[in-house]
Amino acid sequence: MTYENILVEREDGVGIVTLNRPKALNAMNRKLGAELLDAVKSLEADDGIGCLVITGAGDKAFSAGGDIKEQVADDKRYTREEQQRLGNPRRALEISLCAKPTIGMMNGLAYGGAAVLASSLDIRVGCETSRFRFLAAAYGRINATWSLGSQIGWPQAKELLFTARIVEAEEAHRIGLLNHLVPKSELRMKTMEIARMIAGNHRGAVKGVKALLLEQQAEDLATRWAAEHRYTTEVMHGARAKEAFPEFLARKGIATD
């Protein structure tokens, strides 16, 4: 696959994937999502790679989340059922189940679907501009129920999912959403330090550790993801873009009819 929306580097046994739509705060459209998953799968299959790092281009954002403009266009063009077939709703799950360890280099904000992506990674390293918002409940959708609790514990996950509030860098570090918090000037250095240590270990052992940790959760990720997906497709349909983001659409002058 030819990549238009991401960059891929290989350094010292580490695969680095950069979401590369900085003018759109690295918002994740369908094309970027497909490229990201393809890159993760390719690096997972590469025997020369022992650890994966995912980050965003620019200084402002890891990613602002889903591409709302694309969602509005899809709402006009496709039915709900057709939209389900367009993308890959299992993308964050498949990245989470990558056999090799994954690290989020959180260079800025991670909102909405990007917060879900971040919570699906094994480790997150952040800086003073890192912040998260699991904002689905604010606009009539549901996500991250399958991923966040195992990262920061159920009480903290419930609060962040129920309130949809912004989590600044210091709090994210305190509650375990960030493993490390360093000055932005040191972010890549710290992330790569950890990634190189992982990549330098016995590949089979590291993959075995991750597989066992995933299996030993009370329920496997796929079961938890399937429960969320079933609820949001059969019980409570997620809000359409014009219902979820009226203020954004009005501010940008985007027509929804």
# chains A, B, ... in the order shown; residues from 1 in each chain; ligands from 1

call {"tool": "residues_around", "arguments": {"residues": "Ala24 of chain A", "least_positions_apart": "5", "cutoff": "9 Å", "atoms": "only C-alpha atoms", "output": "PyMOL selection string"}}
result
chain A and resi 63-64+67

call {"tool": "residues_around", "arguments": {"residues": "Gly58 of chain A", "least_positions_apart": "2", "cutoff": "8 Å", "atoms": "only C-alpha atoms", "output": "list in words"}}
result
Pro22, Gly56, Lys60, Ala61 and Asn107 of chain A

call {"tool": "write_last_selection", "arguments": {"atoms": "all heavy atoms", "output": "PDB file, in the first residue's frame"}}
result
ATOM      1  N   PRO A  22      -1.065  17.122   9.623  1.00  0.00           N
ATOM      2  CA  PRO A  22      -0.950  18.160  10.651  1.00  0.00           C
ATOM      3  C   PRO A  22      -1.901  19.332  10.458  1.00  0.00           C
ATOM      4  O   PRO A  22      -2.343  19.941  11.445  1.00  0.00           O
ATOM      5  CB  PRO A  22       0.520  18.603  10.560  1.00  0.00           C
ATOM      6  CG  PRO A  22       0.973  18.175   9.196  1.00  0.00           C
ATOM      7  CD  PRO A  22       0.217  16.917   8.904  1.00  0.00           C
ATOM      8  N   GLY A  56       2.037  11.553  16.284  1.00  0.00           N
ATOM      9  CA  GLY A  56       1.417  12.462  15.338  1.00  0.00           C
ATOM     10  C   GLY A  56       2.402  13.491  14.833  1.00  0.00           C
ATOM     11  O   GLY A  56       3.359  13.852  15.522  1.00  0.00           O
ATOM     12  N   LYS A  60       0.998  20.164  17.842  1.00  0.00           N
ATOM     13  CA  LYS A  60      -0.269  20.373  18.530  1.00  0.00           C
ATOM     14  C   LYS A  60      -0.997  19.090  18.900  1.00  0.00           C
ATOM     15  O   LYS A  60      -1.616  19.017  19.957  1.00  0.00           O
ATOM     16  CB  LYS A  60      -1.194  21.236  17.674  1.00  0.00           C
ATOM     17  CG  LYS A  60      -0.688  22.642  17.447  1.00  0.00           C
ATOM     18  CD  LYS A  60      -1.673  23.447  16.609  1.00  0.00           C
ATOM     19  CE  LYS A  60      -1.182  24.877  16.410  1.00  0.00           C
ATOM     20  NZ  LYS A  60      -2.130  25.663  15.568  1.00  0.00           N
ATOM     21  N   ALA A  61      -0.948  18.094  18.025  1.00  0.00           N
ATOM     22  CA  ALA A  61      -1.853  16.966  18.208  1.00  0.00           C
ATOM     23  C   ALA A  61      -1.217  15.629  17.870  1.00  0.00           C
ATOM     24  O   ALA A  61      -0.526  15.507  16.855  1.00  0.00           O
ATOM     25  CB  ALA A  61      -3.110  17.150  17.341  1.00  0.00           C
ATOM     26  N   ASN A 107       2.457  13.468  21.496  1.00  0.00           N
ATOM     27  CA  ASN A 107       3.058  14.778  21.265  1.00  0.00           C
ATOM     28  C   ASN A 107       2.071  15.931  21.386  1.00  0.00           C
ATOM     29  O   ASN A 107       2.449  17.087  21.229  1.00  0.00           O
ATOM     30  CB  ASN A 107       3.694  14.811  19.877  1.00  0.00           C
ATOM     31  CG  ASN A 107       2.674  14.534  18.778  1.00  0.00           C
ATOM     32  OD1 ASN A 107       2.025  13.479  18.787  1.00  0.00           O
ATOM     33  ND2 ASN A 107       2.528  15.440  17.838  1.00  0.00           N
TER      34      ASN A 107
END

call {"tool": "select_by_dssp", "arguments": {"residues": "segment 51-207 of chain A", "states": "strand (DSSP E)", "output": "tab-separated table (two decimals) with all heavy atoms, in the first residue's frame"}}
result
chain	number	residue	atom	x	y	z
A	51	CYS	N	9.43	-3.55	18.36
A	51	CYS	CA	8.52	-2.66	19.07
A	51	CYS	C	8.00	-1.62	18.09
A	51	CYS	O	8.71	-1.24	17.15
A	51	CYS	CB	9.25	-1.98	20.24
A	51	CYS	SG	8.21	-0.92	21.27
A	52	LEU	N	6.76	-1.16	18.29
A	52	LEU	CA	6.15	-0.16	17.42
A	52	LEU	C	5.86	1.11	18.22
A	52	LEU	O	5.43	1.04	19.37
A	52	LEU	CB	4.83	-0.66	16.82
A	52	LEU	CG	4.87	-1.64	15.65
A	52	LEU	CD1	5.49	-2.98	16.06
A	52	LEU	CD2	3.47	-1.86	15.10
A	53	VAL	N	6.09	2.25	17.59
A	53	VAL	CA	5.76	3.56	18.17
A	53	VAL	C	4.78	4.25	17.22
A	53	VAL	O	4.99	4.28	16.01
A	53	VAL	CB	7.02	4.42	18.35
A	53	VAL	CG1	6.64	5.86	18.72
A	53	VAL	CG2	7.93	3.82	19.42
A	54	ILE	N	3.73	4.83	17.79
A	54	ILE	CA	2.77	5.61	17.01
A	54	ILE	C	2.72	7.02	17.57
A	54	ILE	O	2.61	7.22	18.78
A	54	ILE	CB	1.36	4.97	17.04
A	54	ILE	CG1	1.41	3.55	16.44
A	54	ILE	CG2	0.36	5.83	16.28
A	54	ILE	CD1	0.09	2.80	16.51
A	55	THR	N	2.81	8.01	16.68
A	55	THR	CA	2.79	9.40	17.11
A	55	THR	C	2.10	10.24	16.05
A	55	THR	O	1.61	9.72	15.04
A	55	THR	CB	4.22	9.91	17.37
A	55	THR	OG1	4.17	11.18	18.02
A	55	THR	CG2	5.03	10.02	16.08
A	56	GLY	N	2.04	11.55	16.28
A	56	GLY	CA	1.42	12.46	15.34
A	56	GLY	C	2.40	13.49	14.83
A	56	GLY	O	3.36	13.85	15.52
A	61	ALA	N	-0.95	18.09	18.03
A	61	ALA	CA	-1.85	16.97	18.21
A	61	ALA	C	-1.22	15.63	17.87
A	61	ALA	O	-0.53	15.51	16.86
A	61	ALA	CB	-3.11	17.15	17.34
A	62	PHE	N	-1.45	14.66	18.73
A	62	PHE	CA	-1.31	13.26	18.36
A	62	PHE	C	-2.36	13.02	17.28
A	62	PHE	O	-2.06	12.61	16.17
A	62	PHE	CB	-1.54	12.39	19.59
A	62	PHE	CG	-1.54	10.91	19.33
A	62	PHE	CD1	-0.36	10.21	19.18
A	62	PHE	CD2	-2.74	10.21	19.27
A	62	PHE	CE1	-0.36	8.85	18.94
A	62	PHE	CE2	-2.76	8.84	19.04
A	62	PHE	CZ	-1.56	8.15	18.87
A	63	SER	N	-3.61	13.30	17.63
A	63	SER	CA	-4.70	13.31	16.66
A	63	SER	C	-5.95	13.89	17.32
A	63	SER	O	-6.23	13.62	18.49
A	63	SER	CB	-5.02	11.91	16.14
A	63	SER	OG	-6.23	11.91	15.39
A	102	THR	N	3.38	-1.97	21.68
A	102	THR	CA	3.10	-0.71	21.01
A	102	THR	C	3.22	0.43	22.01
A	102	THR	O	2.77	0.32	23.16
A	102	THR	CB	1.70	-0.71	20.39
A	102	THR	OG1	0.73	-1.03	21.41
A	102	THR	CG2	1.59	-1.73	19.26
A	103	ILE	N	3.79	1.54	21.57
A	103	ILE	CA	3.97	2.71	22.43
A	103	ILE	C	3.37	3.93	21.74
A	103	ILE	O	3.63	4.17	20.55
A	103	ILE	CB	5.46	2.98	22.71
A	103	ILE	CG1	6.13	1.77	23.36
A	103	ILE	CG2	5.63	4.22	23.60
A	103	ILE	CD1	7.63	1.95	23.58
A	104	GLY	N	2.58	4.69	22.47
A	104	GLY	CA	2.09	5.96	21.96
A	104	GLY	C	3.03	7.08	22.38
A	104	GLY	O	3.26	7.27	23.57
A	105	MET	N	3.60	7.79	21.41
A	105	MET	CA	4.40	8.97	21.70
A	105	MET	C	3.46	10.17	21.58
A	105	MET	O	3.19	10.67	20.50
A	105	MET	CB	5.58	9.08	20.73
A	105	MET	CG	6.53	10.21	21.04
A	105	MET	SD	8.17	10.00	20.26
A	105	MET	CE	7.77	10.15	18.52
A	106	MET	N	2.93	10.61	22.74
A	106	MET	CA	1.81	11.53	22.78
A	106	MET	C	2.32	12.98	22.73
A	106	MET	O	2.55	13.63	23.73
A	106	MET	CB	0.98	11.29	24.03
A	106	MET	CG	0.60	9.83	24.28
A	106	MET	SD	-0.22	9.02	22.87
A	106	MET	CE	-1.67	10.05	22.69
A	109	LEU	N	-2.60	16.75	21.84
A	109	LEU	CA	-3.92	16.28	22.25
A	109	LEU	C	-4.30	14.98	21.54
A	109	LEU	O	-3.89	14.72	20.41
A	109	LEU	CB	-4.97	17.37	22.00
A	109	LEU	CG	-5.24	17.83	20.57
A	109	LEU	CD1	-6.24	16.94	19.84
A	109	LEU	CD2	-5.73	19.27	20.56
A	110	ALA	N	-5.10	14.19	22.24
A	110	ALA	CA	-5.68	12.95	21.69
A	110	ALA	C	-7.13	12.92	22.12
A	110	ALA	O	-7.44	12.61	23.28
A	110	ALA	CB	-4.93	11.73	22.20
A	111	TYR	N	-8.01	13.27	21.23
A	111	TYR	CA	-9.43	13.39	21.55
A	111	TYR	C	-10.24	12.33	20.78
A	111	TYR	O	-9.84	11.89	19.70
A	111	TYR	CB	-9.96	14.76	21.17
A	111	TYR	CG	-9.57	15.89	22.11
A	111	TYR	CD1	-8.70	15.70	23.18
A	111	TYR	CD2	-10.08	17.17	21.91
A	111	TYR	CE1	-8.35	16.73	24.02
A	111	TYR	CE2	-9.73	18.22	22.76
A	111	TYR	CZ	-8.87	18.00	23.81
A	111	TYR	OH	-8.52	19.03	24.65
A	123	ILE	N	1.76	1.16	26.02
A	123	ILE	CA	2.48	2.15	26.82
A	123	ILE	C	2.27	3.51	26.17
A	123	ILE	O	2.17	3.61	24.94
A	123	ILE	CB	4.00	1.83	26.86
A	123	ILE	CG1	4.25	0.48	27.53
A	123	ILE	CG2	4.80	2.93	27.56
A	123	ILE	CD1	5.68	-0.04	27.35
A	124	ARG	N	2.21	4.56	27.00
A	124	ARG	CA	2.11	5.93	26.47
A	124	ARG	C	3.14	6.82	27.17
A	124	ARG	O	3.24	6.80	28.40
A	124	ARG	CB	0.70	6.50	26.69
A	124	ARG	CG	-0.36	5.90	25.77
A	124	ARG	CD	-1.75	6.03	26.35
A	124	ARG	NE	-1.82	5.31	27.62
A	124	ARG	CZ	-1.99	3.99	27.72
A	124	ARG	NH1	-2.10	3.25	26.63
A	124	ARG	NH2	-2.02	3.40	28.91
A	125	VAL	N	3.88	7.57	26.37
A	125	VAL	CA	4.84	8.54	26.89
A	125	VAL	C	4.37	9.92	26.46
A	125	VAL	O	4.08	10.14	25.28
A	125	VAL	CB	6.27	8.26	26.35
A	125	VAL	CG1	7.26	9.25	26.94
A	125	VAL	CG2	6.68	6.82	26.65
A	126	GLY	N	4.28	10.85	27.42
A	126	GLY	CA	3.73	12.15	27.11
A	126	GLY	C	4.60	13.31	27.52
A	126	GLY	O	5.66	13.13	28.13
A	131	ARG	N	-2.77	15.76	26.19
A	131	ARG	CA	-4.03	15.74	26.92
A	131	ARG	C	-5.01	14.84	26.18
A	131	ARG	O	-4.91	14.65	24.97
A	131	ARG	CB	-4.60	17.13	27.14
A	131	ARG	CG	-4.94	17.94	25.92
A	131	ARG	CD	-5.40	19.34	26.35
A	131	ARG	NE	-5.87	20.14	25.25
A	131	ARG	CZ	-5.10	20.91	24.49
A	131	ARG	NH1	-3.81	20.96	24.72
A	131	ARG	NH2	-5.62	21.61	23.50
A	132	PHE	N	-5.94	14.31	26.94
A	132	PHE	CA	-6.86	13.31	26.42
A	132	PHE	C	-8.30	13.75	26.66
A	132	PHE	O	-8.59	14.44	27.62
A	132	PHE	CB	-6.64	11.96	27.13
A	132	PHE	CG	-5.24	11.42	26.98
A	132	PHE	CD1	-4.22	11.84	27.84
A	132	PHE	CD2	-4.94	10.48	26.01
A	132	PHE	CE1	-2.94	11.34	27.72
A	132	PHE	CE2	-3.66	9.98	25.88
A	132	PHE	CZ	-2.66	10.41	26.74
A	133	ARG	N	-9.18	13.29	25.80
A	133	ARG	CA	-10.60	13.47	26.04
A	133	ARG	C	-11.37	12.32	25.40
A	133	ARG	O	-11.40	12.18	24.18
A	133	ARG	CB	-11.10	14.81	25.50
A	133	ARG	CG	-12.49	15.13	26.02
A	133	ARG	CD	-13.00	16.48	25.56
A	133	ARG	NE	-14.32	16.72	26.13
A	133	ARG	CZ	-15.17	17.64	25.68
A	133	ARG	NH1	-14.83	18.43	24.68
A	133	ARG	NH2	-16.36	17.78	26.24
A	166	ILE	N	-11.73	16.87	29.72
A	166	ILE	CA	-10.34	16.90	29.30
A	166	ILE	C	-9.44	16.43	30.45
A	166	ILE	O	-9.65	16.82	31.60
A	166	ILE	CB	-9.93	18.31	28.87
A	166	ILE	CG1	-10.70	18.71	27.59
A	166	ILE	CG2	-8.43	18.40	28.62
A	166	ILE	CD1	-10.50	20.16	27.18
A	167	VAL	N	-8.48	15.60	30.14
A	167	VAL	CA	-7.49	15.13	31.11
A	167	VAL	C	-6.14	15.71	30.71
A	167	VAL	O	-5.58	15.36	29.67
A	167	VAL	CB	-7.42	13.59	31.13
A	167	VAL	CG1	-6.45	13.13	32.20
A	167	VAL	CG2	-8.79	12.99	31.34
A	168	GLU	N	-5.64	16.63	31.52
A	168	GLU	CA	-4.36	17.26	31.23
A	168	GLU	C	-3.21	16.31	31.55
A	168	GLU	O	-3.38	15.29	32.19
A	168	GLU	CB	-4.22	18.56	32.02
A	168	GLU	CG	-5.28	19.61	31.72
A	168	GLU	CD	-5.12	20.28	30.37
A	168	GLU	OE1	-4.11	20.02	29.68
A	168	GLU	OE2	-6.00	21.08	30.00
A	180	HIS	N	4.98	7.79	31.36
A	180	HIS	CA	6.05	8.75	31.63
A	180	HIS	C	5.60	10.12	31.14
A	180	HIS	O	4.93	10.24	30.11
A	180	HIS	CB	7.34	8.34	30.91
A	180	HIS	CG	7.89	7.03	31.34
A	180	HIS	ND1	8.72	6.88	32.43
A	180	HIS	CD2	7.70	5.78	30.82
A	180	HIS	CE1	9.03	5.61	32.57
A	180	HIS	NE2	8.44	4.92	31.61
A	181	LEU	N	6.02	11.15	31.88
A	181	LEU	CA	5.75	12.53	31.50
A	181	LEU	C	7.08	13.27	31.50
A	181	LEU	O	7.74	13.38	32.54
A	181	LEU	CB	4.78	13.18	32.50
A	181	LEU	CG	4.44	14.65	32.28
A	181	LEU	CD1	3.80	14.88	30.91
A	181	LEU	CD2	3.51	15.15	33.39

call {"tool": "select_by_dssp", "arguments": {"residues": "segment 25-205 of chain A", "states": "helix (DSSP H, G or I)", "output": "JSON, numbers by chain"}}
result
{"A": [30, 31, 32, 33, 34, 35, 36, 37, 38, 39, 40, 41, 42, 43, 44, 45, 68, 69, 70, 71, 72, 73, 74, 75, 76, 77, 80, 81, 82, 83, 84, 85, 86, 91, 92, 93, 94, 95, 96, 113, 114, 115, 116, 117, 118, 119, 136, 137, 138, 149, 150, 151, 152, 154, 155, 156, 157, 158, 159, 160, 161, 162, 163, 169, 170, 171, 172, 173, 174, 175, 184, 185, 186, 187, 188, 189, 190, 191, 192, 193, 194, 195, 196, 197, 198, 199, 200, 203, 204, 205]}

call {"tool": "residues_around", "arguments": {"residues": "segment 82-89 of chain A", "least_positions_apart": "3", "cutoff": "12 Å", "atoms": "only C-alpha atoms", "output": "number ranges by chain"}}
result
A: 28-38, 66, 70-79, 92-95, 113, 116-117, 143, 225-226, 228-230, 232-233, 237-238, 240

call {"tool": "closest_residue", "arguments": {"among": "A:Leu25, A:Ala205, A:Ala115, A:Ile68", "to": "Lys252 of chain A", "atoms": "only C-alpha atoms"}}
result
A:Ile68

call {"tool": "closest_residue", "arguments": {"among": "A:Gly253, A:Gly149, A:Gly200, A:Pro183", "to": "Val14 of chain A", "atoms": "only C-alpha atoms"}}
result
A:Gly200

call {"tool": "closest_residue", "arguments": {"among": "A:Lys158, A:Arg203, A:Lys69, A:Arg174", "to": "Ala241 of chain A", "atoms": "only C-alpha atoms"}}
result
A:Lys69

call {"tool": "residues_around", "arguments": {"residues": "Asn20 of chain A", "least_positions_apart": "6", "cutoff": "7 Å", "atoms": "only C-alpha atoms", "output": "tab-separated table (two decimals) with all heavy atoms, in the first residue's frame"}}
result
chain	number	residue	atom	x	y	z
A	5	ASN	N	-1.06	9.43	4.12
A	5	ASN	CA	-1.46	10.11	5.34
A	5	ASN	C	-0.64	9.71	6.56
A	5	ASN	O	-0.92	10.18	7.67
A	5	ASN	CB	-2.94	9.85	5.63
A	5	ASN	CG	-3.83	10.38	4.54
A	5	ASN	OD1	-4.12	11.57	4.48
A	5	ASN	ND2	-4.29	9.49	3.66
A	6	ILE	N	0.33	8.84	6.37
A	6	ILE	CA	1.21	8.44	7.46
A	6	ILE	C	2.64	8.37	6.95
A	6	ILE	O	2.89	8.30	5.74
A	6	ILE	CB	0.82	7.07	8.07
A	6	ILE	CG1	1.04	5.94	7.06
A	6	ILE	CG2	-0.61	7.07	8.60
A	6	ILE	CD1	0.90	4.55	7.66
A	7	LEU	N	3.58	8.40	7.90
A	7	LEU	CA	5.00	8.20	7.61
A	7	LEU	C	5.46	6.99	8.39
A	7	LEU	O	5.02	6.77	9.53
A	7	LEU	CB	5.82	9.42	8.01
A	7	LEU	CG	5.42	10.76	7.39
A	7	LEU	CD1	6.22	11.89	8.03
A	7	LEU	CD2	5.63	10.74	5.88
A	26	ASN	N	-4.10	15.96	12.40
A	26	ASN	CA	-3.96	14.51	12.23
A	26	ASN	C	-5.27	13.76	12.42
A	26	ASN	O	-5.28	12.61	12.88
A	26	ASN	CB	-2.88	13.96	13.17
A	26	ASN	CG	-1.55	14.64	12.96
A	26	ASN	OD1	-1.13	14.88	11.84
A	26	ASN	ND2	-0.87	14.97	14.05
A	56	GLY	N	2.04	11.55	16.28
A	56	GLY	CA	1.42	12.46	15.34
A	56	GLY	C	2.40	13.49	14.83
A	56	GLY	O	3.36	13.85	15.52
A	57	ALA	N	2.16	14.01	13.63
A	57	ALA	CA	3.01	15.05	13.07
A	57	ALA	C	2.66	16.40	13.69
A	57	ALA	O	1.52	16.65	14.07
A	57	ALA	CB	2.83	15.10	11.55
